[in-house]
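Scroll down for the structure; my scribbles are underneath it.
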Amino acid sequence: MSPLATRLLDALPQTQCTRCGYPDCAAYAQAIAAGEAGIDQCPPGGDEGVRRLAAISGREAVPLNPEFGTEGPRMLAVIDEAWCIGCTLCLDACPTDAIVGVNKRMHTVIEPHCTGCELCIPVCPVDCIALESATPGRTGWNAWSAEQAASSRRRYEIHSTRRRLGESGESISPEDGADTDAGATERKRSVVEAALARARQAAAARAGKP
């Protein structure tokens, strides 16, 4: 990646939503640097994002191109427990591994990790995922932060590496920080079950149940 593309990537919100027309934020940054994409194609970054890209690229700041979407609050994916069939399709679709669950069991969203990318919506066969505003009254970079972008970027890199290794048939070595002992599966299951339990408690609290 060129130095310019790297600087442009650092200025993007890292939601990995693909709304810009590219498979991820890195690809979009490279396209801008190569003169193949406009600086007005990132709805999550909004007008402030366009200004940041303009300052780095030396281009004139322009309004967000409505062809790629509109600026709005950051959305949060919410899974309806009653309808979830545990198909796991949303797990692969989520670029930041913000959804946890096991096959044929209810899944849930880890709120701090969800970027509102909406990529889980079209893959759900029973339409049990809805979107709620996580930042009412705040849009674009006012609804996001550099810390959240950095966290999302790290999680996406881990997600991408795991998928790439899985598709190639390779395994992650202990040096890569993967669990490879016999208790790894059970530990992962425990983490998932704990997350699901917290999700049920939160849902019950919102519904006013004891």
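All residue names refer to the structure tokens as shown: chains lettered A, B, ... in order, residues numbered from 1 in each chain, ligands numbered from 1 in order.
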Notebook entry, point to check: Can you tell me, as a count of residues only, what residues are no more than 10 Å from A:Tyr28 when counting only C-alpha atoms, ignoring any on the same chain fewer than 5 positions away?
Noted result: 18
Might you pull out every residue within 10 Å of A:Ser160, with only C-alpha atoms counted and same-chain residues fewer than 5 positions away left off, and present them as an mmCIF file with N, CA and C atoms, in the first residue's frame?
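Result file result-v3.cif:
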```cif
data_model
loop_
_atom_site.group_PDB
_atom_site.id
_atom_site.type_symbol
_atom_site.label_atom_id
_atom_site.label_comp_id
_atom_site.auth_asym_id
_atom_site.auth_seq_id
_atom_site.Cartn_x
_atom_site.Cartn_y
_atom_site.Cartn_z
ATOM 1 N N PRO A 95 -18.002 -8.343 9.602
ATOM 2 C CA PRO A 95 -16.577 -8.104 9.388
ATOM 3 C C PRO A 95 -15.763 -7.888 10.650
ATOM 4 N N THR A 96 -16.436 -7.675 11.769
ATOM 5 C CA THR A 96 -15.706 -7.430 13.016
ATOM 6 C C THR A 96 -16.015 -8.474 14.087
ATOM 7 N N ARG A 154 -8.738 -3.423 13.853
ATOM 8 C CA ARG A 154 -8.026 -4.597 14.390
ATOM 9 C C ARG A 154 -8.885 -5.842 14.283
ATOM 10 N N ARG A 155 -10.155 -5.714 14.642
ATOM 11 C CA ARG A 155 -11.047 -6.868 14.607
ATOM 12 C C ARG A 155 -11.262 -7.351 13.169
ATOM 13 N N LEU A 165 -7.138 -18.013 6.055
ATOM 14 C CA LEU A 165 -6.494 -19.265 6.420
ATOM 15 C C LEU A 165 -7.466 -20.436 6.303
ATOM 16 N N GLY A 166 -8.734 -20.173 6.663
ATOM 17 C CA GLY A 166 -9.732 -21.235 6.551
ATOM 18 C C GLY A 166 -9.972 -21.635 5.114
#
```
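The space between atom CA of A:Arg51 and atom CA of A:Thr115 spans 21.1 Å.
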Between atom CA of A:Asp10 and atom CA of A:Leu53 lies a distance of 9.8 Å
